[in-house]
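File shown here: model.cif, holding mmCIF, C-alpha atoms, pLDDT in the B column; chains and numbers go by the auth columns.
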```
data_final
#
loop_
_atom_site.group_PDB
_atom_site.id
_atom_site.type_symbol
_atom_site.label_atom_id
_atom_site.label_comp_id
_atom_site.label_asym_id
_atom_site.label_seq_id
_atom_site.Cartn_x
_atom_site.Cartn_y
_atom_site.Cartn_z
_atom_site.B_iso_or_equiv
_atom_site.auth_seq_id
_atom_site.auth_asym_id
ATOM 1 C CA GLY A 1 0.000 0.000 0.000 49.00 1 O
ATOM 2 C CA GLN A 2 0.927 3.632 -0.041 62.00 2 O
ATOM 3 C CA ASN A 3 0.924 6.359 2.577 86.00 3 O
ATOM 4 C CA ILE A 4 1.321 10.005 1.649 92.00 4 O
ATOM 5 C CA ASP A 5 1.491 12.696 4.312 95.00 5 O
ATOM 6 C CA GLN A 6 1.491 16.458 3.945 96.00 6 O
ATOM 7 C CA PRO A 7 0.434 19.255 6.300 96.00 7 O
ATOM 8 C CA THR A 8 -3.225 20.159 6.203 94.00 8 O
ATOM 9 C CA GLU A 9 -2.813 23.934 6.233 96.00 9 O
ATOM 10 C CA MET A 10 -0.127 26.585 5.897 97.00 10 O
ATOM 11 C CA THR A 11 -0.182 30.371 5.967 97.00 11 O
ATOM 12 C CA ALA A 12 2.390 32.744 4.499 97.00 12 O
ATOM 13 C CA THR A 13 2.751 36.396 3.582 97.00 13 O
ATOM 14 C CA GLU A 14 2.745 37.872 0.109 97.00 14 O
ATOM 15 C CA GLY A 15 6.298 38.115 -1.239 97.00 15 O
ATOM 16 C CA ALA A 16 7.627 35.474 1.143 97.00 16 O
ATOM 17 C CA ILE A 17 8.890 31.938 0.504 97.00 17 O
ATOM 18 C CA VAL A 18 7.018 28.830 1.648 98.00 18 O
ATOM 19 C CA GLN A 19 8.004 25.176 1.655 98.00 19 O
ATOM 20 C CA ILE A 20 5.356 22.460 1.581 98.00 20 O
ATOM 21 C CA ASN A 21 6.605 19.039 2.619 98.00 21 O
ATOM 22 C CA CYS A 22 5.419 15.610 1.549 98.00 22 O
ATOM 23 C CA THR A 23 6.502 12.242 2.867 97.00 23 O
ATOM 24 C CA TYR A 24 5.530 8.958 1.297 95.00 24 O
ATOM 25 C CA GLN A 25 5.861 5.239 1.699 92.00 25 O
ATOM 26 C CA THR A 26 5.593 3.127 -1.401 86.00 26 O
ATOM 27 C CA SER A 27 6.871 -0.195 -2.686 82.00 27 O
ATOM 28 C CA GLY A 28 7.561 0.593 -6.322 84.00 28 O
ATOM 29 C CA PHE A 29 8.234 4.307 -6.487 88.00 29 O
ATOM 30 C CA ASN A 30 8.145 5.642 -10.017 86.00 30 O
ATOM 31 C CA GLY A 31 7.771 9.391 -9.724 90.00 31 O
ATOM 32 C CA LEU A 32 6.332 12.174 -7.587 94.00 32 O
ATOM 33 C CA PHE A 33 4.082 14.939 -8.834 95.00 33 O
ATOM 34 C CA TRP A 34 2.879 18.219 -7.398 97.00 34 O
ATOM 35 C CA TYR A 35 -0.446 19.719 -8.389 96.00 35 O
ATOM 36 C CA GLN A 36 -2.133 23.015 -7.586 97.00 36 O
ATOM 37 C CA GLN A 37 -5.881 23.095 -7.046 95.00 37 O
ATOM 38 C CA HIS A 38 -7.931 26.249 -6.586 94.00 38 O
ATOM 39 C CA ALA A 39 -11.249 25.884 -4.799 89.00 39 O
ATOM 40 C CA GLY A 40 -13.888 24.280 -6.992 87.00 40 O
ATOM 41 C CA GLU A 41 -11.489 23.674 -9.842 91.00 41 O
ATOM 42 C CA ALA A 42 -9.562 20.724 -11.212 92.00 42 O
ATOM 43 C CA PRO A 43 -5.927 20.154 -10.179 94.00 43 O
ATOM 44 C CA THR A 44 -3.278 21.505 -12.521 94.00 44 O
ATOM 45 C CA PHE A 45 0.164 20.001 -12.898 93.00 45 O
ATOM 46 C CA LEU A 46 3.103 21.870 -11.358 95.00 46 O
ATOM 47 C CA SER A 47 6.134 19.590 -11.266 94.00 47 O
ATOM 48 C CA TYR A 48 7.515 16.079 -11.609 93.00 48 O
ATOM 49 C CA ASN A 49 10.480 14.428 -9.869 95.00 49 O
ATOM 50 C CA VAL A 50 11.741 10.907 -10.398 91.00 50 O
ATOM 51 C CA LEU A 51 15.441 11.355 -9.579 94.00 51 O
ATOM 52 C CA ASP A 52 16.899 12.876 -6.437 96.00 52 O
ATOM 53 C CA GLY A 53 17.448 16.598 -6.513 97.00 53 O
ATOM 54 C CA LEU A 54 15.821 19.897 -7.248 96.00 54 O
ATOM 55 C CA GLU A 55 13.676 20.760 -10.246 94.00 55 O
ATOM 56 C CA GLU A 56 13.164 24.466 -10.772 93.00 56 O
ATOM 57 C CA LYS A 57 10.381 26.006 -12.806 90.00 57 O
ATOM 58 C CA GLY A 58 10.033 29.749 -12.408 94.00 58 O
ATOM 59 C CA ARG A 59 8.846 30.660 -8.928 96.00 59 O
ATOM 60 C CA PHE A 60 8.181 27.014 -8.109 96.00 60 O
ATOM 61 C CA SER A 61 10.779 24.354 -7.286 97.00 61 O
ATOM 62 C CA SER A 62 10.364 20.753 -6.201 98.00 62 O
ATOM 63 C CA PHE A 63 12.863 18.558 -4.407 98.00 63 O
ATOM 64 C CA LEU A 64 12.995 14.782 -4.045 98.00 64 O
ATOM 65 C CA SER A 65 14.937 12.398 -1.816 97.00 65 O
ATOM 66 C CA ARG A 66 14.015 8.821 -2.680 95.00 66 O
ATOM 67 C CA SER A 67 16.029 7.313 0.173 95.00 67 O
ATOM 68 C CA LYS A 68 14.091 9.416 2.681 96.00 68 O
ATOM 69 C CA GLY A 69 10.721 9.163 0.946 96.00 69 O
ATOM 70 C CA TYR A 70 10.539 12.928 1.055 97.00 70 O
ATOM 71 C CA SER A 71 9.707 15.784 -1.261 98.00 71 O
ATOM 72 C CA TYR A 72 9.017 19.461 -0.902 98.00 72 O
ATOM 73 C CA LEU A 73 7.483 22.142 -3.058 98.00 73 O
ATOM 74 C CA LEU A 74 9.079 25.572 -2.709 98.00 74 O
ATOM 75 C CA LEU A 75 7.124 28.653 -3.704 98.00 75 O
ATOM 76 C CA LYS A 76 9.041 31.923 -3.966 97.00 76 O
ATOM 77 C CA GLU A 77 7.819 35.512 -4.187 97.00 77 O
ATOM 78 C CA LEU A 78 4.371 34.477 -3.068 98.00 78 O
ATOM 79 C CA GLN A 79 1.402 36.107 -4.709 97.00 79 O
ATOM 80 C CA MET A 80 -2.193 36.227 -3.559 97.00 80 O
ATOM 81 C CA LYS A 81 -3.180 33.983 -6.466 97.00 81 O
ATOM 82 C CA ASP A 82 -0.968 31.241 -5.009 98.00 82 O
ATOM 83 C CA SER A 83 -3.606 30.660 -2.333 97.00 83 O
ATOM 84 C CA ALA A 84 -4.751 27.138 -3.197 96.00 84 O
ATOM 85 C CA SER A 85 -4.476 23.505 -2.200 95.00 85 O
ATOM 86 C CA TYR A 86 -1.219 21.790 -3.161 97.00 86 O
ATOM 87 C CA LEU A 87 -1.427 18.073 -3.755 96.00 87 O
ATOM 88 C CA CYS A 88 1.453 15.641 -3.610 95.00 88 O
ATOM 89 C CA ALA A 89 0.982 12.501 -5.728 93.00 89 O
ATOM 90 C CA VAL A 90 3.094 9.365 -6.085 92.00 90 O
ATOM 91 C CA ARG A 91 3.229 6.873 -8.922 87.00 91 O
ATOM 92 C CA ASP A 92 3.752 3.304 -7.779 81.00 92 O
ATOM 93 C CA LEU A 93 4.526 0.556 -10.270 76.00 93 O
ATOM 94 C CA LEU A 94 3.323 -2.085 -7.842 70.00 94 O
ATOM 95 C CA ALA A 95 -0.020 -0.465 -7.036 63.00 95 O
ATOM 96 C CA GLY A 96 -2.074 -2.329 -9.583 58.00 96 O
ATOM 97 C CA SER A 97 -1.406 -0.152 -12.590 56.00 97 O
ATOM 98 C CA ALA A 98 1.826 1.066 -14.070 51.00 98 O
ATOM 99 C CA ARG A 99 0.281 4.471 -14.585 58.00 99 O
ATOM 100 C CA GLN A 100 -1.677 5.003 -11.389 73.00 100 O
ATOM 101 C CA LEU A 101 -1.228 8.102 -9.257 81.00 101 O
ATOM 102 C CA THR A 102 -2.096 8.175 -5.556 85.00 102 O
ATOM 103 C CA PHE A 103 -2.734 11.584 -4.059 89.00 103 O
ATOM 104 C CA GLY A 104 -2.155 13.015 -0.633 91.00 104 O
ATOM 105 C CA SER A 105 -4.922 14.982 1.067 91.00 105 O
ATOM 106 C CA GLY A 106 -3.439 18.291 0.013 93.00 106 O
ATOM 107 C CA THR A 107 -2.031 21.307 1.837 96.00 107 O
ATOM 108 C CA GLN A 108 -4.259 24.379 1.876 95.00 108 O
ATOM 109 C CA LEU A 109 -2.011 27.401 1.494 97.00 109 O
ATOM 110 C CA THR A 110 -3.351 30.827 2.413 97.00 110 O
ATOM 111 C CA VAL A 111 -1.333 33.845 1.284 98.00 111 O
ATOM 112 C CA LEU A 112 -1.955 36.941 3.370 97.00 112 O
ATOM 113 C CA PRO A 113 -1.376 40.539 2.209 95.00 113 O
ATOM 114 C CA SER B 1 -2.913 19.268 -28.474 76.00 1 A
ATOM 115 C CA GLN B 2 -4.779 17.041 -26.087 78.00 2 A
ATOM 116 C CA THR B 3 -7.937 18.118 -24.329 89.00 3 A
ATOM 117 C CA ILE B 4 -10.274 16.449 -21.893 93.00 4 A
ATOM 118 C CA HIS B 5 -13.964 17.196 -21.607 93.00 5 A
ATOM 119 C CA GLN B 6 -16.108 16.306 -18.648 94.00 6 A
ATOM 120 C CA TRP B 7 -19.767 17.090 -18.152 91.00 7 A
ATOM 121 C CA PRO B 8 -21.926 18.250 -16.565 92.00 8 A
ATOM 122 C CA ALA B 9 -20.114 20.765 -14.354 92.00 9 A
ATOM 123 C CA THR B 10 -22.729 20.619 -11.622 95.00 10 A
ATOM 124 C CA LEU B 11 -25.497 18.166 -10.896 96.00 11 A
ATOM 125 C CA VAL B 12 -28.166 17.887 -8.222 97.00 12 A
ATOM 126 C CA GLN B 13 -29.844 14.503 -8.061 97.00 13 A
ATOM 127 C CA PRO B 14 -32.326 12.932 -5.628 97.00 14 A
ATOM 128 C CA VAL B 15 -31.460 9.870 -3.606 97.00 15 A
ATOM 129 C CA GLY B 16 -32.239 6.704 -5.538 97.00 16 A
ATOM 130 C CA SER B 17 -31.921 8.281 -8.967 97.00 17 A
ATOM 131 C CA PRO B 18 -29.429 7.040 -11.597 97.00 18 A
ATOM 132 C CA LEU B 19 -26.207 8.795 -12.532 96.00 19 A
ATOM 133 C CA SER B 20 -24.179 9.085 -15.691 96.00 20 A
ATOM 134 C CA LEU B 21 -21.094 11.279 -15.966 96.00 21 A
ATOM 135 C CA GLU B 22 -19.222 11.334 -19.226 95.00 22 A
ATOM 136 C CA CYS B 23 -15.621 12.116 -20.030 96.00 23 A
ATOM 137 C CA THR B 24 -13.951 12.257 -23.439 96.00 24 A
ATOM 138 C CA VAL B 25 -10.374 12.881 -24.451 95.00 25 A
ATOM 139 C CA GLU B 26 -9.211 14.394 -27.720 93.00 26 A
ATOM 140 C CA GLY B 27 -5.825 14.470 -29.382 90.00 27 A
ATOM 141 C CA THR B 28 -4.363 11.223 -28.062 88.00 28 A
ATOM 142 C CA SER B 29 -4.779 7.488 -28.579 87.00 29 A
ATOM 143 C CA ASN B 30 -5.044 4.708 -26.020 89.00 30 A
ATOM 144 C CA PRO B 31 -4.904 6.972 -22.970 90.00 31 A
ATOM 145 C CA ASN B 32 -5.057 5.672 -19.437 89.00 32 A
ATOM 146 C CA LEU B 33 -8.294 6.999 -17.964 92.00 33 A
ATOM 147 C CA TYR B 34 -9.233 7.630 -14.350 92.00 34 A
ATOM 148 C CA TRP B 35 -12.204 8.616 -12.230 94.00 35 A
ATOM 149 C CA TYR B 36 -11.427 10.305 -8.903 93.00 36 A
ATOM 150 C CA ARG B 37 -13.728 11.585 -6.176 93.00 37 A
ATOM 151 C CA GLN B 38 -12.826 14.411 -3.836 91.00 38 A
ATOM 152 C CA ALA B 39 -14.805 15.049 -0.654 82.00 39 A
ATOM 153 C CA ALA B 40 -14.826 18.618 0.648 76.00 40 A
ATOM 154 C CA GLY B 41 -11.376 19.602 1.959 71.00 41 A
ATOM 155 C CA ARG B 42 -9.946 16.190 1.195 74.00 42 A
ATOM 156 C CA GLY B 43 -7.550 14.608 -1.266 81.00 43 A
ATOM 157 C CA LEU B 44 -8.420 12.697 -4.397 88.00 44 A
ATOM 158 C CA GLN B 45 -9.657 9.146 -4.017 88.00 45 A
ATOM 159 C CA LEU B 46 -9.147 6.931 -7.052 87.00 46 A
ATOM 160 C CA LEU B 47 -12.396 5.172 -7.947 91.00 47 A
ATOM 161 C CA PHE B 48 -11.718 3.497 -11.298 91.00 48 A
ATOM 162 C CA TYR B 49 -9.005 3.336 -13.895 89.00 49 A
ATOM 163 C CA SER B 50 -8.810 1.910 -17.379 91.00 50 A
ATOM 164 C CA VAL B 51 -5.852 1.033 -19.576 88.00 51 A
ATOM 165 C CA GLY B 52 -7.954 0.133 -22.624 90.00 52 A
ATOM 166 C CA ILE B 53 -11.426 -0.341 -24.090 93.00 53 A
ATOM 167 C CA GLY B 54 -13.557 -2.520 -21.866 91.00 54 A
ATOM 168 C CA GLN B 55 -10.803 -2.782 -19.236 91.00 55 A
ATOM 169 C CA ILE B 56 -11.948 -1.345 -15.928 91.00 56 A
ATOM 170 C CA SER B 57 -10.292 -1.703 -12.554 88.00 57 A
ATOM 171 C CA SER B 58 -12.086 -0.704 -9.390 85.00 58 A
ATOM 172 C CA GLU B 59 -10.153 0.609 -6.428 77.00 59 A
ATOM 173 C CA VAL B 60 -12.826 0.700 -3.752 76.00 60 A
ATOM 174 C CA PRO B 61 -16.133 -1.094 -3.310 68.00 61 A
ATOM 175 C CA GLN B 62 -18.959 1.354 -3.784 77.00 62 A
ATOM 176 C CA ASN B 63 -22.241 2.218 -5.319 88.00 63 A
ATOM 177 C CA LEU B 64 -20.678 3.257 -8.616 94.00 64 A
ATOM 178 C CA SER B 65 -19.525 1.582 -11.818 95.00 65 A
ATOM 179 C CA ALA B 66 -17.480 2.675 -14.812 96.00 66 A
ATOM 180 C CA SER B 67 -17.369 1.761 -18.467 96.00 67 A
ATOM 181 C CA ARG B 68 -15.107 2.498 -21.407 96.00 68 A
ATOM 182 C CA PRO B 69 -17.110 1.852 -24.578 96.00 69 A
ATOM 183 C CA GLN B 70 -14.640 3.673 -26.813 95.00 70 A
ATOM 184 C CA ASP B 71 -10.911 4.379 -26.642 94.00 71 A
ATOM 185 C CA ARG B 72 -11.339 7.962 -25.517 95.00 72 A
ATOM 186 C CA GLN B 73 -14.607 7.777 -23.622 96.00 73 A
ATOM 187 C CA PHE B 74 -14.993 6.996 -19.935 96.00 74 A
ATOM 188 C CA ILE B 75 -18.352 6.899 -18.172 97.00 75 A
ATOM 189 C CA LEU B 76 -19.133 6.859 -14.467 96.00 76 A
ATOM 190 C CA SER B 77 -22.536 5.472 -13.516 96.00 77 A
ATOM 191 C CA SER B 78 -24.794 4.544 -10.683 96.00 78 A
ATOM 192 C CA LYS B 79 -28.165 2.817 -10.690 95.00 79 A
ATOM 193 C CA LYS B 80 -29.301 4.365 -7.401 96.00 80 A
ATOM 194 C CA LEU B 81 -27.512 7.304 -5.820 96.00 81 A
ATOM 195 C CA LEU B 82 -26.886 7.534 -2.099 95.00 82 A
ATOM 196 C CA LEU B 83 -26.404 10.689 -0.056 94.00 83 A
ATOM 197 C CA SER B 84 -22.810 9.626 0.508 91.00 84 A
ATOM 198 C CA ASP B 85 -22.159 9.788 -3.248 93.00 85 A
ATOM 199 C CA SER B 86 -22.078 13.575 -3.086 93.00 86 A
ATOM 200 C CA GLY B 87 -18.702 15.028 -3.973 93.00 87 A
ATOM 201 C CA PHE B 88 -16.474 16.469 -6.639 95.00 88 A
ATOM 202 C CA TYR B 89 -15.828 13.925 -9.399 96.00 89 A
ATOM 203 C CA LEU B 90 -12.806 14.310 -11.600 96.00 90 A
ATOM 204 C CA CYS B 91 -11.937 12.487 -14.776 96.00 91 A
ATOM 205 C CA ALA B 92 -8.271 12.351 -15.782 94.00 92 A
ATOM 206 C CA TRP B 93 -6.057 10.890 -18.458 92.00 93 A
ATOM 207 C CA SER B 94 -2.384 10.098 -18.718 88.00 94 A
ATOM 208 C CA GLY B 95 -0.114 8.974 -21.530 83.00 95 A
ATOM 209 C CA GLY B 96 1.714 5.734 -22.102 66.00 96 A
ATOM 210 C CA THR B 97 5.083 6.558 -20.548 62.00 97 A
ATOM 211 C CA ASP B 98 6.050 6.617 -16.905 60.00 98 A
ATOM 212 C CA ASN B 99 6.998 10.259 -16.716 60.00 99 A
ATOM 213 C CA THR B 100 3.712 11.658 -17.883 75.00 100 A
ATOM 214 C CA GLU B 101 1.450 13.471 -15.497 83.00 101 A
ATOM 215 C CA ALA B 102 -2.301 13.102 -15.294 87.00 102 A
ATOM 216 C CA PHE B 103 -4.448 15.803 -16.864 90.00 103 A
ATOM 217 C CA PHE B 104 -7.801 16.529 -15.297 94.00 104 A
ATOM 218 C CA GLY B 105 -11.176 17.469 -16.647 94.00 105 A
ATOM 219 C CA GLN B 106 -13.073 20.399 -15.163 93.00 106 A
ATOM 220 C CA GLY B 107 -14.813 18.207 -12.605 94.00 107 A
ATOM 221 C CA THR B 108 -18.466 17.585 -11.748 96.00 108 A
ATOM 222 C CA ARG B 109 -19.900 18.826 -8.480 95.00 109 A
ATOM 223 C CA LEU B 110 -22.533 16.226 -7.566 95.00 110 A
ATOM 224 C CA THR B 111 -24.999 16.908 -4.790 95.00 111 A
ATOM 225 C CA VAL B 112 -27.358 14.118 -3.839 96.00 112 A
ATOM 226 C CA VAL B 113 -30.429 15.399 -2.000 97.00 113 A
#
```

Can you give me the file's structure in the form of structure tokens?
Amino acid sequence: GQNIDQPTEMTATEGAIVQINCTYQTSGFNGLFWYQQHAGEAPTFLSYNVLDGLEEKGRFSSFLSRSKGYSYLLLKELQMKDSASYLCAVRDLLAGSARQLTFGSGTQLTVLP
Amino acid sequence: SQTIHQWPATLVQPVGSPLSLECTVEGTSNPNLYWYRQAAGRGLQLLFYSVGIGQISSEVPQNLSASRPQDRQFILSSKKLLLSDSGFYLCAWSGGTDNTEAFFGQGTRLTVV
């Protein structure tokens, strides 16, 4: 089975930096994804990590440590529009489908002025 | 480019009534297709996935069923809705390689009354 943990809520100030952590336990790890979801909308893809290290994409970066079962999403220069839920998702080759993603419960980020 | 269509966007149905949610994908062949449900303030729960026409895998026992009559069509159904079926239903597709993310439809907000 799989277990994905991330904080339920976080609050940060506009212009600041925030790090959202995700820990996971999986048997056949084959990639970790971060999604952003605004209230009432579908999740949108942010980043993908399959090898250890940092992936940078504009204001957003994602880090992975496979040995520790750990990832974080780093958001820089926060803007009000970044207020959303951030979902960590893991692909597990042994979870019944080679393409299946399992999602964490999401971290609700609130950006304050 | 690939697009995914899901309808309707919102639906209010009485208890005991049937349900049919449809999802279609354009611009790709043989996609992996998924139905997720998201309860308020919660993560995404995988309900069904399909790797090909007529191939449906169910993740959790429930009052719902899924069908894939065509390569790019995925349907979520119920014969008799329960109050507990209320939620945000999301259809998604992913490609045939391990590093591809899942792309989501707009979602259907189902309220069973």

Exercise for the section: Return as number ranges by chain the residues belonging to chain O that are within 8 Å of chain A, counting only C-alpha atoms. Expected result: O: 30-31, 33, 41-45, 48, 50, 87, 98-106

Exercise for the section: Report as a VMD selection string the residues that result from applying the PyMOL selection byres ((chain A and resi 84) around 10) to the structure here. Expected result: chain A and resid 15 39 63 81 to 83 85 to 87 111 to 113

Practice task
Compare O:Asp92, O:Leu109, O:Ser65, O:Gln79 by their minimum atom-to-atom distance to O:Pro7, counting all atoms listed in the file, and give me the closest one.
Solution key: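 Going through O:Asp92, O:Leu109, O:Ser65, O:Gln79 one by one, the smallest distance to O:Pro7 is for O:Leu109.
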
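Taking atom CA of O:Ser83 and atom CA of O:Leu46 as the two end points, the separation is 14.3 Å.
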
Handout entry: Straight-line distance linking atom CA of A:Asn30 with atom CA of A:Asp71, stated in Å to one decimal
Key =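 A separation of 5.9 Å between them.
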
Practice task
Identify all residues satisfying the PyMOL selection byres ((chain O and resi 72) around 6) in the given file; provide them as a ChimeraX atom specification.
Solution key: /O:20-22,62-63,71,73

For the selection just defined, write its residues with C-alpha atoms to a file, as a compact mmCIF listing (two decimals), in the frame of the given file.
```txt
# COMPACT_ATOMS: atom_id res chain seq x y z
CA ILE O 20 5.36 22.46 1.58
CA ASN O 21 6.60 19.04 2.62
CA CYS O 22 5.42 15.61 1.55
CA SER O 62 10.36 20.75 -6.20
CA PHE O 63 12.86 18.56 -4.41
CA SER O 71 9.71 15.78 -1.26
CA LEU O 73 7.48 22.14 -3.06
```

Problem - Shell of 8 Å around O:Asp82, only C-alpha atoms, local chain residues under 4 positions omitted, as a list in words - result: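 My list of contacting residues is Leu78, Leu109, Thr110 and Val111 of chain O.
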
Practice task
Check the smallest atom-to-atom distance from each of A:Leu47, A:Gly16, A:Leu11, A:Ile4 to A:Val60 using all atoms listed in the file, then report the winner.
Solution key: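 Among the listed residues, A:Leu47 lies closest to A:Val60.
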
Practice task
Kindly indicate which residue among O:Leu75, O:His38, O:Gly15, O:Lys68 lies nearest to O:Glu56, using only C-alpha atoms for the distances.
Solution key: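 Among the listed residues, the smallest separation from O:Glu56 belongs to O:Leu75.
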
Exercise for the section: Within 7 Å of A:Ser67, counting all atoms listed in the file, which residues show up once you throw out same-chain ones fewer than 6 positions away? Write them as JSON, numbers by chain, please. Expected result: {"A": [54, 56, 74, 75, 76]}

Output C-alpha atoms for every residue in the selection just made, as a PDB file, keeping the file's coordinate frame.
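Generated output (part22.pdb):
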```
ATOM      1  CA  GLY A  54     -13.557  -2.520 -21.866  1.00 91.00           C
ATOM      2  CA  ILE A  56     -11.948  -1.345 -15.928  1.00 91.00           C
ATOM      3  CA  PHE A  74     -14.993   6.996 -19.935  1.00 96.00           C
ATOM      4  CA  ILE A  75     -18.352   6.899 -18.172  1.00 97.00           C
ATOM      5  CA  LEU A  76     -19.133   6.859 -14.467  1.00 96.00           C
TER       6      LEU A  76
END
```

Axis-aligned box for all listed atoms of stretch 73-91 of chain A, 3 Å per side, centre and edges in Å to one decimal, as AutoDock Vina command-line options:
```
--center_x -20.6 --center_y 9.6 --center_z -11.6 --size_x 23.4 --size_y 19.7 --size_z 30.1
```

Handout entry: Between atom CA of A:Arg68 and atom CA of A:Trp35, distance in Å (one decimal)
Key = 11.4 Å

Handout entry: Within 9 Å of O:Gly28 using all atoms listed in the file, minus same-chain residues under 2 positions, as a VMD selection string
Key = chain O and resid 26 30 91 to 95

Exercise for the section: Counting all atoms listed in the file, figure out which residue out of O:Arg59, O:Lys76, O:Lys81, O:Arg66 gets nearest to O:Leu112. Expected result: O:Lys81

Problem - Expected residue set, 7 Å radius at (19.2, 14.4, -4.6), all atoms listed in the file, as a PyMOL selection string - result: chain O and resi 51-54+64-65

Exercise for the section: Go through A:Arg72, A:Leu64, A:Tyr36, A:Gln6 and flag the residue nearest A:Glu22, using all atoms listed in the file for the distances. Expected result: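 For A:Glu22, the nearest of the candidates is A:Gln6.
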
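Among the candidates O:Thr107, O:Ser27, O:Gln36, O:Ser47, the one nearest to O:Asp5 when counting only C-alpha atoms is O:Thr107.
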